[in-house]
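Here the structure comes first, spelled out in structure tokens, and everything after it is commentary.
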Amino acid sequence: PPPIEDPGHGLGDLEIVAKVRIAGDELEIALESPDQIPFYINSYEANTVSGVFLGLLEWAQVPPPYNEGLYRCVTVDPGREGSLTNAKMPAPCGSSTSCPAEPIADAVRKALLEIATPRYAIAEWGRTFGVNIAGTDPRNGEYFVNYMLGSLIAGAGAVDGQMDGWHMIGPADALGAVTCGDSEVLELLYPIVIHEYSIRGDSGGAGKYRGGCGAARVVEPLGAIDVVGCGGGMKD
């Protein structure tokens, strides 16, 4: 899988490598990653293990239930303490459930594909990039923060040989089925004007079965605001 894009501050791209070993009925998965960084994409052990299991399930393609019985035979080494995939307190981790969880899943899936090919083809896990805004509302002088979930609305990948991906499914299939909210309500609560919120045409790629399209979103602030971007996928 491609490396994690430079998250800013000139830290450079970061690579996560997974190694797998099968011994009898046991599966060992070990990760290697760079040192943890002073930015939001560090992953503590519990989150890393979740990303490993995600990559394993993408490859294994077994039906539910997904419980302790399935994972009992799997041993996970998240890497050395103080690394990106085994962060040591205190380490910023606000985006860890997306980045590096998605690259972790991709690394595990890639390593397992060298052992056996699953029934259905697997695409790389989609990247997540979100925007947060904050500032003082010029209408009432109160400070506000808005985690703009609408900026996270991405499409789902196509199911090989079966169907197109879902458009703009974004965090609705995770994050507790959260949605981005009604545009008119957001404009009432925050000092913004939403000029566009639509499906980004042809963003799902080409093919007989296409990926789901992502969102186009144009927002105008009514005053000075701070904008913070976080996630991956800025380059591609």
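Chains: A, B, ... in order of the structure tokens. Residues: from 1 per chain. Ligands: from 1, in order shown.
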
Got a sec: who's within 12 Å of A:Pro191, counting only C-alpha atoms, leaving out chain neighbours fewer than 2 positions off, as a short mmCIF file (atom, residue, chain, number, x, y, z; two decimals) with all heavy atoms, in the first residue's frame?
```cif
data_model
loop_
_atom_site.label_atom_id
_atom_site.label_comp_id
_atom_site.auth_asym_id
_atom_site.auth_seq_id
_atom_site.Cartn_x
_atom_site.Cartn_y
_atom_site.Cartn_z
N ILE A 133 -13.61 23.61 11.75
CA ILE A 133 -13.56 25.07 11.78
C ILE A 133 -13.86 25.55 13.20
O ILE A 133 -14.56 24.89 13.96
CB ILE A 133 -14.55 25.71 10.79
CG1 ILE A 133 -16.00 25.33 11.12
CG2 ILE A 133 -14.23 25.32 9.36
CD1 ILE A 133 -17.04 26.06 10.27
N ALA A 134 -13.31 26.70 13.53
CA ALA A 134 -13.53 27.28 14.85
C ALA A 134 -13.34 28.79 14.76
O ALA A 134 -12.67 29.30 13.85
CB ALA A 134 -12.59 26.68 15.88
N GLY A 135 -13.93 29.51 15.70
CA GLY A 135 -13.78 30.96 15.72
C GLY A 135 -14.84 31.60 16.60
O GLY A 135 -15.54 30.92 17.36
N THR A 136 -14.96 32.89 16.49
CA THR A 136 -15.96 33.65 17.24
C THR A 136 -17.10 34.01 16.30
O THR A 136 -16.89 34.59 15.24
CB THR A 136 -15.35 34.92 17.84
OG1 THR A 136 -14.28 34.56 18.72
CG2 THR A 136 -16.39 35.70 18.63
N ASP A 137 -18.31 33.65 16.69
CA ASP A 137 -19.49 33.92 15.88
C ASP A 137 -19.77 35.42 15.89
O ASP A 137 -20.06 35.99 16.95
CB ASP A 137 -20.69 33.15 16.45
CG ASP A 137 -21.89 33.16 15.53
OD1 ASP A 137 -22.04 34.12 14.75
OD2 ASP A 137 -22.70 32.21 15.61
N PRO A 138 -19.68 36.10 14.74
CA PRO A 138 -19.91 37.55 14.71
C PRO A 138 -21.36 37.93 15.03
O PRO A 138 -21.63 39.09 15.34
CB PRO A 138 -19.54 37.93 13.27
CG PRO A 138 -19.75 36.69 12.47
CD PRO A 138 -19.39 35.57 13.39
N ARG A 139 -22.25 36.97 15.04
CA ARG A 139 -23.65 37.27 15.31
C ARG A 139 -23.94 37.43 16.80
O ARG A 139 -24.87 38.13 17.18
CB ARG A 139 -24.55 36.18 14.72
CG ARG A 139 -24.38 35.97 13.21
CD ARG A 139 -25.13 34.74 12.73
NE ARG A 139 -24.63 33.53 13.38
CZ ARG A 139 -25.12 32.32 13.14
NH1 ARG A 139 -26.10 32.15 12.27
NH2 ARG A 139 -24.63 31.27 13.76
N ASN A 140 -23.14 36.73 17.63
CA ASN A 140 -23.42 36.78 19.07
C ASN A 140 -22.16 36.87 19.93
O ASN A 140 -22.25 36.94 21.16
CB ASN A 140 -24.24 35.57 19.50
CG ASN A 140 -23.59 34.26 19.06
OD1 ASN A 140 -22.37 34.15 18.95
ND2 ASN A 140 -24.42 33.25 18.79
N GLY A 141 -20.98 36.85 19.32
CA GLY A 141 -19.74 36.96 20.06
C GLY A 141 -19.32 35.69 20.79
O GLY A 141 -18.36 35.72 21.56
N GLU A 142 -20.00 34.58 20.55
CA GLU A 142 -19.67 33.32 21.23
C GLU A 142 -18.69 32.50 20.40
O GLU A 142 -18.73 32.51 19.16
CB GLU A 142 -20.95 32.52 21.49
CG GLU A 142 -21.93 33.18 22.45
CD GLU A 142 -23.14 32.32 22.72
OE1 GLU A 142 -23.25 31.23 22.08
OE2 GLU A 142 -23.97 32.70 23.55
N TYR A 143 -17.82 31.77 21.11
CA TYR A 143 -16.84 30.91 20.45
C TYR A 143 -17.55 29.63 19.99
O TYR A 143 -18.43 29.10 20.67
CB TYR A 143 -15.71 30.56 21.41
CG TYR A 143 -14.56 29.83 20.74
CD1 TYR A 143 -13.66 30.51 19.93
CD2 TYR A 143 -14.39 28.47 20.92
CE1 TYR A 143 -12.61 29.85 19.31
CE2 TYR A 143 -13.34 27.79 20.31
CZ TYR A 143 -12.46 28.49 19.50
OH TYR A 143 -11.43 27.81 18.89
N PHE A 144 -17.16 29.12 18.82
CA PHE A 144 -17.78 27.90 18.29
C PHE A 144 -16.72 27.00 17.70
O PHE A 144 -15.63 27.42 17.30
CB PHE A 144 -18.82 28.24 17.21
CG PHE A 144 -18.20 28.69 15.90
CD1 PHE A 144 -17.93 27.77 14.90
CD2 PHE A 144 -17.87 30.02 15.69
CE1 PHE A 144 -17.35 28.17 13.70
CE2 PHE A 144 -17.30 30.43 14.51
CZ PHE A 144 -17.03 29.51 13.50
N VAL A 145 -17.04 25.72 17.66
CA VAL A 145 -16.22 24.71 16.99
C VAL A 145 -17.17 23.80 16.22
O VAL A 145 -18.20 23.38 16.75
CB VAL A 145 -15.41 23.85 17.99
CG1 VAL A 145 -14.63 22.77 17.25
CG2 VAL A 145 -14.46 24.73 18.80
N ASN A 146 -16.84 23.51 14.98
CA ASN A 146 -17.68 22.62 14.18
C ASN A 146 -16.80 21.59 13.49
O ASN A 146 -15.91 21.95 12.71
CB ASN A 146 -18.47 23.42 13.13
CG ASN A 146 -19.39 22.52 12.30
OD1 ASN A 146 -19.61 21.37 12.64
ND2 ASN A 146 -19.91 23.06 11.22
N GLU A 184 -29.59 23.75 6.54
CA GLU A 184 -30.23 24.94 7.11
C GLU A 184 -30.00 25.04 8.61
O GLU A 184 -29.79 26.13 9.15
CB GLU A 184 -31.74 24.92 6.80
CG GLU A 184 -32.10 25.25 5.37
CD GLU A 184 -31.82 24.11 4.41
OE1 GLU A 184 -31.64 22.96 4.88
OE2 GLU A 184 -31.78 24.36 3.19
N VAL A 185 -30.02 23.89 9.29
CA VAL A 185 -29.76 23.90 10.73
C VAL A 185 -28.31 24.29 11.01
O VAL A 185 -28.03 25.06 11.94
CB VAL A 185 -30.09 22.52 11.34
CG1 VAL A 185 -29.67 22.47 12.81
CG2 VAL A 185 -31.57 22.22 11.21
N LEU A 186 -27.38 23.79 10.21
CA LEU A 186 -25.98 24.15 10.40
C LEU A 186 -25.76 25.65 10.20
O LEU A 186 -25.00 26.28 10.93
CB LEU A 186 -25.10 23.35 9.43
CG LEU A 186 -25.00 21.84 9.69
CD1 LEU A 186 -24.23 21.17 8.57
CD2 LEU A 186 -24.36 21.57 11.03
N GLU A 187 -26.44 26.22 9.22
CA GLU A 187 -26.31 27.66 8.99
C GLU A 187 -26.92 28.47 10.13
O GLU A 187 -26.48 29.59 10.42
CB GLU A 187 -26.99 28.04 7.66
CG GLU A 187 -26.25 27.50 6.44
CD GLU A 187 -26.99 27.81 5.15
OE1 GLU A 187 -28.22 28.01 5.20
OE2 GLU A 187 -26.34 27.85 4.09
N LEU A 188 -27.91 27.91 10.79
CA LEU A 188 -28.52 28.57 11.94
C LEU A 188 -27.60 28.52 13.16
O LEU A 188 -27.47 29.49 13.90
CB LEU A 188 -29.87 27.91 12.27
CG LEU A 188 -30.62 28.46 13.49
CD1 LEU A 188 -31.05 29.90 13.24
CD2 LEU A 188 -31.84 27.59 13.79
N LEU A 189 -26.92 27.39 13.34
CA LEU A 189 -26.10 27.19 14.53
C LEU A 189 -24.71 27.81 14.39
O LEU A 189 -24.11 28.21 15.40
CB LEU A 189 -25.95 25.69 14.82
CG LEU A 189 -27.23 24.94 15.20
CD1 LEU A 189 -26.93 23.45 15.33
CD2 LEU A 189 -27.80 25.48 16.50
N VAL A 193 -22.34 29.86 5.47
CA VAL A 193 -23.33 29.69 4.41
C VAL A 193 -22.88 28.51 3.55
O VAL A 193 -21.74 28.51 3.05
CB VAL A 193 -23.47 30.95 3.54
CG1 VAL A 193 -24.45 30.69 2.39
CG2 VAL A 193 -23.94 32.13 4.37
N ILE A 194 -23.72 27.50 3.40
CA ILE A 194 -23.38 26.32 2.61
C ILE A 194 -23.91 26.54 1.19
O ILE A 194 -25.11 26.49 0.95
CB ILE A 194 -23.98 25.05 3.23
CG1 ILE A 194 -23.42 24.86 4.65
CG2 ILE A 194 -23.66 23.83 2.37
CD1 ILE A 194 -24.05 23.71 5.42
N VAL A 219 -18.42 25.92 1.38
CA VAL A 219 -18.90 26.61 2.57
C VAL A 219 -18.23 27.98 2.67
O VAL A 219 -17.01 28.10 2.51
CB VAL A 219 -18.61 25.79 3.85
CG1 VAL A 219 -19.08 26.53 5.09
CG2 VAL A 219 -19.26 24.42 3.76
N GLU A 220 -19.02 29.00 2.95
CA GLU A 220 -18.50 30.36 3.12
C GLU A 220 -18.68 30.80 4.57
O GLU A 220 -19.79 30.75 5.11
CB GLU A 220 -19.24 31.33 2.20
CG GLU A 220 -18.83 32.79 2.40
CD GLU A 220 -19.71 33.75 1.64
OE1 GLU A 220 -20.63 33.30 0.91
OE2 GLU A 220 -19.51 34.98 1.79
N PRO A 221 -17.61 31.24 5.24
CA PRO A 221 -17.75 31.74 6.61
C PRO A 221 -18.26 33.18 6.60
O PRO A 221 -18.00 33.95 5.67
CB PRO A 221 -16.32 31.67 7.15
CG PRO A 221 -15.46 31.85 5.94
CD PRO A 221 -16.20 31.20 4.81
N LEU A 222 -18.98 33.54 7.65
CA LEU A 222 -19.50 34.90 7.77
C LEU A 222 -18.50 35.83 8.47
O LEU A 222 -18.76 37.03 8.60
CB LEU A 222 -20.82 34.89 8.54
CG LEU A 222 -21.96 34.10 7.90
CD1 LEU A 222 -23.21 34.18 8.76
CD2 LEU A 222 -22.24 34.61 6.50
N GLY A 223 -17.40 35.28 8.93
CA GLY A 223 -16.36 36.07 9.59
C GLY A 223 -15.07 35.30 9.57
O GLY A 223 -14.96 34.26 8.93
N ALA A 224 -14.07 35.80 10.29
CA ALA A 224 -12.77 35.14 10.36
C ALA A 224 -12.90 33.83 11.14
O ALA A 224 -13.52 33.79 12.21
CB ALA A 224 -11.75 36.05 11.02
N ILE A 225 -12.34 32.75 10.59
CA ILE A 225 -12.37 31.45 11.26
C ILE A 225 -11.01 30.78 11.13
O ILE A 225 -10.20 31.12 10.25
CB ILE A 225 -13.45 30.52 10.69
CG1 ILE A 225 -13.19 30.23 9.20
CG2 ILE A 225 -14.84 31.09 10.89
CD1 ILE A 225 -14.08 29.16 8.62
#
```

Q) Could you write out, as a ChimeraX atom specification, all the residues of stretch 60-116 of chain A that DSSP marks as helix (DSSP H, G or I)? A) /A:60,68-71,101-113

Q. Contacts of A:Ser50 at 10 Å or less, counting only C-alpha atoms, minus same-chain residues fewer than 3 places along, as a list in words?
A. Glu45, Ala46, Asn47, Phe53, Leu54, Gly55, Leu56, Thr97, Ala101, Ile104 and Ala105 of chain A

May I have the selected residues written with N, CA and C atoms, as a PDB file, in the first residue's frame?
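The result, stored in again_10.pdb:
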```
ATOM      1  N   GLU A  45      -2.125   0.870  21.028  1.00  0.00           N
ATOM      2  CA  GLU A  45      -2.188  -0.561  20.720  1.00  0.00           C
ATOM      3  C   GLU A  45      -3.604  -1.040  20.409  1.00  0.00           C
ATOM      4  N   ALA A  46      -4.588  -0.635  21.199  1.00  0.00           N
ATOM      5  CA  ALA A  46      -5.956  -1.119  20.987  1.00  0.00           C
ATOM      6  C   ALA A  46      -6.480  -0.726  19.606  1.00  0.00           C
ATOM      7  N   ASN A  47      -6.229   0.518  19.213  1.00  0.00           N
ATOM      8  CA  ASN A  47      -6.668   0.970  17.898  1.00  0.00           C
ATOM      9  C   ASN A  47      -5.924   0.233  16.790  1.00  0.00           C
ATOM     10  N   PHE A  53      -7.238  -6.349  12.587  1.00  0.00           N
ATOM     11  CA  PHE A  53      -8.375  -7.249  12.394  1.00  0.00           C
ATOM     12  C   PHE A  53      -9.207  -6.844  11.180  1.00  0.00           C
ATOM     13  N   LEU A  54      -9.313  -5.536  10.922  1.00  0.00           N
ATOM     14  CA  LEU A  54     -10.032  -5.081   9.732  1.00  0.00           C
ATOM     15  C   LEU A  54      -9.363  -5.617   8.468  1.00  0.00           C
ATOM     16  N   GLY A  55      -8.041  -5.485   8.384  1.00  0.00           N
ATOM     17  CA  GLY A  55      -7.333  -6.013   7.219  1.00  0.00           C
ATOM     18  C   GLY A  55      -7.468  -7.519   7.095  1.00  0.00           C
ATOM     19  N   LEU A  56      -7.458  -8.203   8.233  1.00  0.00           N
ATOM     20  CA  LEU A  56      -7.617  -9.658   8.231  1.00  0.00           C
ATOM     21  C   LEU A  56      -8.994 -10.051   7.697  1.00  0.00           C
ATOM     22  N   THR A  97      -8.407   6.491  14.256  1.00  0.00           N
ATOM     23  CA  THR A  97      -9.370   5.492  13.796  1.00  0.00           C
ATOM     24  C   THR A  97      -9.520   5.485  12.284  1.00  0.00           C
ATOM     25  N   ALA A 101      -5.295   3.816  10.940  1.00  0.00           N
ATOM     26  CA  ALA A 101      -6.011   2.536  10.964  1.00  0.00           C
ATOM     27  C   ALA A 101      -6.215   1.981   9.552  1.00  0.00           C
ATOM     28  N   ILE A 104      -2.962   0.660   8.168  1.00  0.00           N
ATOM     29  CA  ILE A 104      -2.642  -0.582   8.875  1.00  0.00           C
ATOM     30  C   ILE A 104      -3.411  -1.740   8.248  1.00  0.00           C
ATOM     31  N   ALA A 105      -4.703  -1.537   8.017  1.00  0.00           N
ATOM     32  CA  ALA A 105      -5.521  -2.583   7.389  1.00  0.00           C
ATOM     33  C   ALA A 105      -4.982  -2.944   6.009  1.00  0.00           C
TER      34      ALA A 105
END
```

Q: Name the residues in contact with A:Met89 at a cut-off of 12 Å, using only C-alpha atoms, excluding same-chain residues fewer than 5 positions from it; report them as a PyMOL selection string.
A: chain A and resi 36-38+42-45+81-84

Q. Using only C-alpha atoms, which of the listed residues (A:Leu14, A:Val62, A:Ile4, A:Val20) sits closest to A:Leu113?
A.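 Selected residue with least distance to A:Leu113: A:Val20.
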
Q: Just give me the gap between atom CA of A:Glu32 and atom CA of A:Asn67 in Å, one decimal is fine.
A: 25.9 Å

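Residue nearest A:Gly24, chosen from A:His9, A:Asp106, A:Tyr40, A:Val74 and counting only C-alpha atoms: A:Val74.
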
Q: Name the residues of stretch 6-194 of chain A that come out as strand (DSSP E) in a backbone DSSP run; write them as a PyMOL selection string.
A: chain A and resi 17-23+26-32+74-77+129-136+143-148+192-194

Q) Which residues, written as a ChimeraX atom specification, have at least one atom at most 10 Å from A:Met148, with only C-alpha atoms counted and residues fewer than 6 positions away on the same chain left out? A) /A:130-133,180-181,186

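Nearest to A:Thr117 of all the residues A:Ser33, A:Thr48, A:Gln61, A:Ser98 is A:Gln61, counting only C-alpha atoms.
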
Q | Two-atom distance - atom CA of A:Cys99, atom CA of A:Val17 (Å) | A | 14.5 Å

Q | Residue nearest A:Ala206 - candidates A:Gly165, A:Pro90, A:Pro34, A:Gly10, atoms counted: only C-alpha atoms | A |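 Once distances to A:Ala206 are computed over only C-alpha atoms, the minimum belongs to A:Gly165.
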
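Proximity ranking of A:Cys230, A:Leu112, A:Ile41, A:Met163 relative to A:Ala60 places A:Leu112 first, based on only C-alpha atoms.
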
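If only C-alpha atoms are the atoms counted, then among A:His167, A:Arg21, A:Arg217, A:Arg109 the closest residue to A:Trp59 is A:Arg109.
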
Q: Please measure the separation of atom CA of A:Thr75 and atom CA of A:Ala30, giving the value in Å to one decimal.
A: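 Atom CA of A:Ala30 lies 8.3 Å from atom CA of A:Thr75.
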